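Chemist: Dropping in target_27.txt, which is compact mmCIF, C-alpha atoms:
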```txt
# COMPACT_ATOMS: atom_id res chain seq x y z
CA MET A 31 46.55 -78.84 20.38
CA PHE A 32 50.25 -79.54 20.90
CA GLN A 33 52.59 -76.58 20.43
CA LEU A 34 56.07 -75.69 21.58
CA LYS A 35 56.65 -73.41 24.54
CA GLY A 36 58.67 -70.62 22.95
CA GLY A 37 57.90 -71.89 19.45
CA HIS A 38 55.15 -71.16 16.96
CA ARG A 39 51.72 -70.94 18.63
CA PHE A 40 48.27 -71.11 17.07
CA SER A 41 46.51 -67.76 16.90
CA THR A 42 43.38 -65.78 16.08
CA ASP A 43 44.61 -65.80 12.46
CA ASP A 44 44.29 -69.60 12.34
CA MET A 45 40.84 -69.64 13.91
CA MET A 46 39.54 -66.93 11.59
CA CYS A 47 40.77 -68.80 8.53
CA GLY A 48 39.20 -72.10 9.60
CA TRP A 49 35.95 -70.34 10.48
CA ARG A 50 35.56 -68.48 7.18
CA ALA A 51 36.49 -71.60 5.23
CA ALA A 52 33.83 -73.72 6.94
CA ALA A 53 31.25 -70.93 6.63
CA HIS A 54 31.65 -70.95 2.84
CA GLN A 55 31.75 -74.73 2.44
CA PRO A 56 29.84 -76.15 5.45
CA HIS A 57 29.16 -79.52 3.83
CA ALA A 58 32.70 -80.20 2.63
CA ARG A 59 33.62 -83.87 2.75
CA ARG A 60 37.30 -83.72 1.74
CA LEU A 61 39.50 -81.05 3.34
CA LEU A 62 43.13 -80.16 2.63
CA ASP A 63 45.32 -77.84 4.71
CA ILE A 64 48.52 -76.76 2.93
CA GLY A 65 51.52 -75.60 4.93
CA SER A 66 49.54 -76.99 7.83
CA GLY A 67 52.08 -76.24 10.57
CA ILE A 68 50.85 -77.67 13.88
CA GLY A 69 47.48 -78.42 12.26
CA SER A 70 45.42 -75.64 13.80
CA VAL A 71 43.75 -74.19 10.68
CA GLY A 72 42.78 -77.54 9.19
CA LEU A 73 41.58 -79.01 12.48
CA TYR A 74 39.46 -75.92 13.21
CA ALA A 75 37.86 -76.18 9.78
CA LEU A 76 37.26 -79.93 10.20
CA GLY A 77 35.56 -79.31 13.52
CA LEU A 78 33.27 -76.67 12.03
CA VAL A 79 32.04 -78.38 8.86
CA GLN A 80 28.71 -80.15 9.21
CA ARG A 81 29.68 -83.62 8.01
CA PRO A 82 30.75 -86.16 10.63
CA ASP A 83 32.36 -88.21 7.85
CA ALA A 84 34.54 -85.32 6.61
CA THR A 85 38.25 -86.08 6.30
CA LEU A 86 41.35 -83.88 6.36
CA ILE A 87 44.84 -84.11 4.88
CA GLY A 88 47.52 -81.73 6.14
CA VAL A 89 50.76 -81.10 4.24
CA GLU A 90 53.67 -79.63 6.21
CA ALA A 91 57.36 -79.40 5.26
CA GLN A 92 58.86 -78.77 8.69
CA ARG A 93 59.39 -81.99 10.62
CA ILE A 94 58.89 -80.54 14.11
CA SER A 95 55.52 -78.98 13.26
CA HIS A 96 54.46 -82.10 11.38
CA GLU A 97 55.16 -84.28 14.42
CA LEU A 98 53.26 -81.91 16.74
CA ALA A 99 50.26 -82.04 14.39
CA LYS A 100 50.31 -85.84 14.42
CA ARG A 101 50.33 -85.81 18.22
CA SER A 102 47.30 -83.51 18.27
CA VAL A 103 45.46 -85.78 15.83
CA ALA A 104 46.17 -88.82 18.01
CA ARG A 105 45.27 -87.00 21.24
CA ASN A 106 41.88 -86.04 19.78
CA GLY A 107 41.19 -89.53 18.43
CA LEU A 108 41.06 -88.38 14.81
CA GLN A 109 43.40 -90.92 13.21
CA ASP A 110 40.56 -92.36 11.09
CA ARG A 111 39.68 -88.94 9.66
CA VAL A 112 42.96 -87.02 9.50
CA GLN A 113 46.23 -87.76 7.68
CA MET A 114 49.29 -85.58 8.12
CA ILE A 115 51.84 -85.69 5.28
CA HIS A 116 55.43 -84.52 5.69
CA GLY A 117 56.20 -82.67 2.47
CA ASP A 118 56.41 -79.35 0.64
CA LEU A 119 53.14 -77.87 -0.63
CA ARG A 120 54.95 -76.68 -3.79
CA ASP A 121 55.75 -80.29 -4.74
CA ALA A 122 52.94 -81.65 -6.91
CA SER A 123 54.06 -85.22 -6.17
CA VAL A 124 53.53 -84.90 -2.41
CA MET A 125 50.08 -86.47 -2.95
CA ASP A 126 48.31 -88.47 -5.64
CA PRO A 127 47.93 -85.91 -8.46
CA GLU A 128 44.38 -87.11 -9.06
CA GLN A 129 43.18 -86.12 -5.59
CA ARG A 130 40.76 -83.20 -5.39
CA PHE A 131 39.31 -81.43 -2.34
CA ASP A 132 36.07 -79.58 -1.58
CA LEU A 133 37.79 -77.24 0.88
CA VAL A 134 41.42 -76.11 0.99
CA THR A 135 42.93 -73.86 3.67
CA GLY A 136 46.28 -72.21 4.20
CA SER A 137 48.09 -69.74 6.44
CA PRO A 138 51.16 -68.55 4.51
CA PRO A 139 54.04 -66.82 6.28
CA TYR A 140 53.57 -63.05 6.11
CA ILE A 141 57.12 -61.71 5.79
CA PRO A 142 59.36 -61.88 2.68
CA VAL A 143 62.98 -62.83 3.29
CA GLY A 144 65.03 -59.65 3.68
CA LYS A 145 62.20 -57.64 5.26
CA GLY A 146 63.05 -58.43 8.88
CA VAL A 147 65.22 -60.38 11.28
CA ILE A 148 64.69 -64.12 10.97
CA SER A 149 64.21 -65.87 14.30
CA PRO A 150 66.98 -68.26 15.37
CA HIS A 151 64.20 -70.67 16.35
CA PRO A 152 63.73 -72.71 13.14
CA GLN A 153 60.05 -73.39 13.67
CA ARG A 154 59.16 -69.76 14.35
CA ALA A 155 61.34 -68.62 11.44
CA ALA A 156 59.57 -70.86 8.92
CA CYS A 157 56.13 -69.85 10.13
CA ARG A 158 56.82 -66.10 9.84
CA PHE A 159 59.20 -65.77 6.89
CA GLU A 160 58.75 -67.01 3.33
CA LEU A 161 61.43 -69.67 3.48
CA ARG A 162 59.33 -72.15 1.47
CA GLY A 163 57.19 -69.96 -0.71
CA SER A 164 54.76 -67.06 -0.42
CA CYS A 165 50.99 -66.62 -0.63
CA VAL A 166 51.41 -66.89 -4.41
CA ASP A 167 52.73 -70.45 -4.01
CA TYR A 168 49.87 -71.25 -1.64
CA CYS A 169 47.28 -70.06 -4.17
CA LEU A 170 48.93 -72.00 -7.01
CA SER A 171 49.07 -75.15 -4.89
CA ALA A 172 45.47 -74.78 -3.75
CA ARG A 173 44.38 -74.34 -7.37
CA ARG A 174 46.10 -77.61 -8.28
CA TRP A 175 44.09 -79.64 -5.77
CA LEU A 176 40.72 -77.85 -5.73
CA ALA A 177 37.75 -79.89 -6.91
CA PRO A 178 35.22 -78.27 -9.25
CA GLY A 179 33.13 -76.01 -7.02
CA GLY A 180 35.72 -76.23 -4.25
CA VAL A 181 36.64 -73.36 -1.93
CA PHE A 182 40.08 -72.09 -0.88
CA SER A 183 40.51 -69.82 2.15
CA PHE A 184 43.81 -68.32 3.22
CA VAL A 185 44.85 -65.73 5.82
CA MET A 186 47.45 -63.07 5.10
CA ALA A 187 48.70 -59.67 6.28
CA ALA A 188 45.95 -57.26 5.23
CA GLY A 189 48.34 -54.56 4.02
CA ASP A 190 50.31 -56.80 1.66
CA PRO A 191 49.23 -56.16 -1.96
CA ARG A 192 49.96 -59.79 -2.85
CA ILE A 193 46.81 -60.77 -0.96
CA GLU A 194 44.90 -59.54 -4.03
CA GLU A 195 47.50 -60.44 -6.66
CA ALA A 196 48.05 -64.07 -5.63
CA PRO A 197 44.50 -65.34 -6.33
CA ARG A 198 44.47 -63.63 -9.75
CA ARG A 199 47.78 -65.22 -10.70
CA ALA A 200 46.41 -68.64 -9.76
CA GLY A 201 43.15 -68.27 -11.69
CA LEU A 202 41.04 -67.88 -8.55
CA ALA A 203 38.04 -65.59 -8.09
CA VAL A 204 37.71 -63.93 -4.68
CA LEU A 205 34.29 -64.48 -3.10
CA GLU A 206 34.99 -62.69 0.18
CA ARG A 207 37.66 -60.53 1.74
CA PHE A 208 37.32 -60.59 5.53
CA ASP A 209 39.47 -57.88 7.13
CA VAL A 210 40.13 -58.23 10.86
CA VAL A 211 40.62 -55.17 13.09
CA PHE A 212 42.17 -56.18 16.39
CA ARG A 213 41.31 -52.93 18.18
CA GLU A 214 38.90 -50.14 17.29
CA GLY A 215 40.69 -47.26 15.57
CA MET A 216 43.46 -49.45 14.12
CA ASP A 217 43.89 -50.58 10.53
CA PRO A 218 43.10 -54.24 9.75
CA MET A 219 46.09 -56.46 10.56
CA ILE A 220 45.01 -59.63 8.76
CA ALA A 221 42.49 -60.61 6.13
CA VAL A 222 40.98 -63.94 5.15
CA MET A 223 40.48 -64.39 1.41
CA THR A 224 37.97 -66.98 0.27
CA CYS A 225 38.17 -68.03 -3.38
CA LYS A 226 36.91 -70.40 -6.04
CA ARG A 227 38.31 -71.41 -9.41
CA GLU A 228 37.57 -68.82 -12.10
CA GLU A 229 36.12 -71.45 -14.41
CA ASP A 230 33.51 -72.45 -11.82
CA GLY A 231 31.63 -69.17 -12.38
CA PRO A 232 29.50 -67.22 -12.78
CA HIS A 233 30.36 -66.16 -9.25
CA PRO A 234 28.27 -64.00 -6.92
CA GLU A 235 29.35 -60.43 -6.38
CA ARG A 236 32.42 -60.24 -4.17
CA VAL A 237 31.79 -59.36 -0.50
CA ASP A 238 34.22 -57.18 1.49
CA ARG A 239 33.70 -57.27 5.26
CA THR A 240 35.41 -55.79 8.30
CA PHE A 241 35.40 -57.64 11.62
CA LEU A 242 36.20 -55.93 14.94
CA ILE A 243 37.72 -57.87 17.84
CA ARG A 244 38.04 -55.24 20.60
CA HIS A 245 36.41 -51.87 21.18
CA ALA A 246 38.51 -48.85 22.19
CA ASP A 247 37.74 -49.60 25.87
CA ASN A 248 39.32 -53.06 25.42
CA THR A 249 36.02 -55.00 25.64
CA PHE A 250 35.32 -57.68 23.06
CA SER A 251 32.84 -56.83 20.33
CA ASP A 252 29.56 -58.74 20.08
CA GLU A 253 30.66 -60.24 16.78
CA TYR A 254 33.90 -61.51 18.29
CA ASN A 255 32.04 -63.11 21.20
CA ALA A 256 29.73 -64.79 18.67
CA PHE A 257 32.79 -66.02 16.78
CA ARG A 258 34.32 -67.46 19.97
CA LEU A 259 31.14 -69.40 20.64
CA ALA A 260 31.12 -70.66 17.05
CA VAL A 261 34.61 -72.13 17.37
CA GLY A 262 34.10 -73.63 20.81
CA PHE A 263 35.28 -71.01 23.31
CA GLU A 264 33.25 -69.55 26.14
CA HIS A 265 31.84 -66.03 26.11
CA GLN A 266 34.11 -63.40 27.70
CA ALA A 267 33.33 -59.82 28.57
CA ALA A 268 36.89 -58.62 27.95
```
Show me this structure written as structure tokens.

Modeler:
Amino acid sequence: MFQLKGGHRFSTDDMMCGWRAAAHQPHARRLLDIGSGIGSVGLYALGLVQRPDATLIGVEAQRISHELAKRSVARNGLQDRVQMIHGDLRDASVMDPEQRFDLVTGSPPYIPVGKGVISPHPQRAACRFELRGSCVDYCLSARRWLAPGGVFSFVMAAGDPRIEEAPRRAGLAVLERFDVVFREGMDPMIAVMTCKREEDGPHPERVDRTFLIRHADNTFSDEYNAFRLAVGFEHQAA
């Protein structure tokens, strides 16, 4: 995965989102990653679904991140399965309006403009601050391109109330809220929301889960070690 030294780097947030997405739609054939950045969320999800013929489209507005994602696709020999589009996820014309996807993922920026100091590094700024839309825009865009029965997973700051509001505004039903606690005793920092279109119901009862990464003594939890194995990393004791 190509990323800038000193720029935006892929993170646990990205891996968690790709993992939960693939867990809910393991046989997805057509994947879409909106606001795809350097491609980490979409490529994780593509690697975890159980169809070798699955394809992925990534849509990213920032040129530098788009070019890094294309380099990662080429380096991994995925040109026949992955297409990276340079464009804004809020623009309905960025793709054929008739296209529909079984699985859509997204990692919106977490911070509204005016709520912090924007980084002078343009790539880091766009990945952290809502310079091109919020989680509401991500949910509306995902809704536009979801196929009947399709799944949308996005990762967001757990304490932001819009994480619950955005799916409702887009006509999406939440199937699972997956809160991630980075260290025992702390509040969840991020949550992955997995949704379907309201009209695709009746839906199963919503599941709310909490996932622990590290115990108070700084050792990894058993569930985090299992997650690392699931996404291709080796087991670590700490």

Chemist: Just the residues within 12 Å of Ala122 in chain A, please, counting only C-alpha atoms, with nothing from its chain fewer than 2 positions along; format it as a list in words.

Modeler: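 Surrounding residues, per the criterion: Ile64, Val89, Gly117, Asp118, Leu119, Arg120, Val124, Met125, Asp126, Pro127, Glu128, Gln129, Asp167, Leu170, Ser171, Ala172, Arg173, Arg174 and Trp175 of chain A.
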
Chemist: Dump as JSON, numbers by chain all residues having an atom at most 6 Å from (39.4, -60.2, 5.4), computed in the file's coordinates with only C-alpha atoms.

Modeler: {"A": [207, 208, 209, 210, 221, 222, 223]}

Chemist: Just checking: using all atoms listed in the file, which residue out of A:His116, A:Arg198, A:Arg162, A:Arg227 ends up closest to Tyr140 in chain A?

Modeler: A:Arg162

Chemist: Taking into account only C-alpha atoms, which residue in the set A:Met45, A:Met31, A:Cys169, A:Leu61 is nearest to Tyr254 in chain A?

Modeler: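 Among A:Met45, A:Met31, A:Cys169, A:Leu61, it is A:Met45 that comes nearest to Tyr254 in chain A.
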
Chemist: Identify, on the basis of all atoms listed in the file, every residue whose closest approach to Val261 in chain A does not exceed 8 Å; exclude the query and any residue fewer than 3 positions from it along the same chain; express the result as a PyMOL selection string.

Modeler: chain A and resi 45+49+74+78+257-258

Chemist: Output C-alpha atoms for every residue in the selection just made, as an mmCIF file, in the coordinates of the input.

Modeler:
```
data_model
loop_
_atom_site.group_PDB
_atom_site.id
_atom_site.type_symbol
_atom_site.label_atom_id
_atom_site.label_comp_id
_atom_site.auth_asym_id
_atom_site.auth_seq_id
_atom_site.Cartn_x
_atom_site.Cartn_y
_atom_site.Cartn_z
ATOM 1 C CA MET A 45 40.840 -69.640 13.910
ATOM 2 C CA TRP A 49 35.950 -70.340 10.480
ATOM 3 C CA TYR A 74 39.460 -75.920 13.210
ATOM 4 C CA LEU A 78 33.270 -76.670 12.030
ATOM 5 C CA PHE A 257 32.790 -66.020 16.780
ATOM 6 C CA ARG A 258 34.320 -67.460 19.970
#
```

Chemist: Excluding Phe32 in chain A and residues on its chain fewer than 6 positions from it, collect all residues at most 8 Å away from it, counting all atoms listed in the file, and give them as a PyMOL selection string.

Modeler: chain A and resi 68+98-99+101-102

Chemist: Can you work out which one of A:Asp110, A:Asp121, A:Asp43, A:Asp238 has the shortest atom-to-atom distance to Tyr168 in chain A, counting only C-alpha atoms?

Modeler: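 Once distances to Tyr168 in chain A are computed over only C-alpha atoms, the minimum belongs to A:Asp121.
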
Chemist: From the set A:Leu259, A:Leu242, A:Ala187, A:Val71, which residue has the shortest atom-to-atom contact distance to Val211 in chain A, counting all atoms listed in the file?

Modeler: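 Ranking A:Leu259, A:Leu242, A:Ala187, A:Val71 by distance to Val211 in chain A, first place goes to A:Leu242.
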
Chemist: Between CA of Asn248 in chain A and CA of Gly215 in chain A, what is the spacing in Å?

Modeler: 11.5 Å

Chemist: What is the distance, in Å and to one decimal place, between CA of Gln33 in chain A and CA of Ser66 in chain A?

Modeler: 13.0 Å

Chemist: Please indicate the distance in Å from CA of Ile193 in chain A to CA of His233 in chain A, rounded to one decimal place.

Modeler: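 Pair CA of Ile193 in chain A / CA of His233 in chain A returns 19.2 Å.
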
Chemist: Using only C-alpha atoms for the distances, tell me which of A:Leu62, A:Ala84, A:Ala91, A:Ile148 is nearest to Phe131 in chain A.

Modeler: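 Closest to Phe131 in chain A of all the choices is A:Leu62.
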
Chemist: With distances taken over all atoms listed in the file, which of A:Gly67, A:Thr240, A:Leu73, A:Val134 is nearest to Leu34 in chain A?

Modeler: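 Answer, going by the shortest atom-to-atom distance: A:Gly67.
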
Chemist: With a distance cut-off of 12 Å and all atoms listed in the file, select the neighbouring residues of Arg81 in chain A, excluding the residue or stretch itself and same-chain residues fewer than 6 positions from it, and output the selection as a list of chain:residue names.

Modeler: A:Ala52, A:Gln55, A:Pro56, A:His57, A:Ala58, A:Arg59, A:Arg60, A:Leu61, A:Ala75, A:Arg111

Chemist: Near Asp63 in chain A, counting only C-alpha atoms, which residues have an atom at most 8 Å away, once you skip same-chain residues fewer than 5 positions from it, shown as a ChimeraX atom specification?

Modeler: /A:69,71-72,86-89,134-136
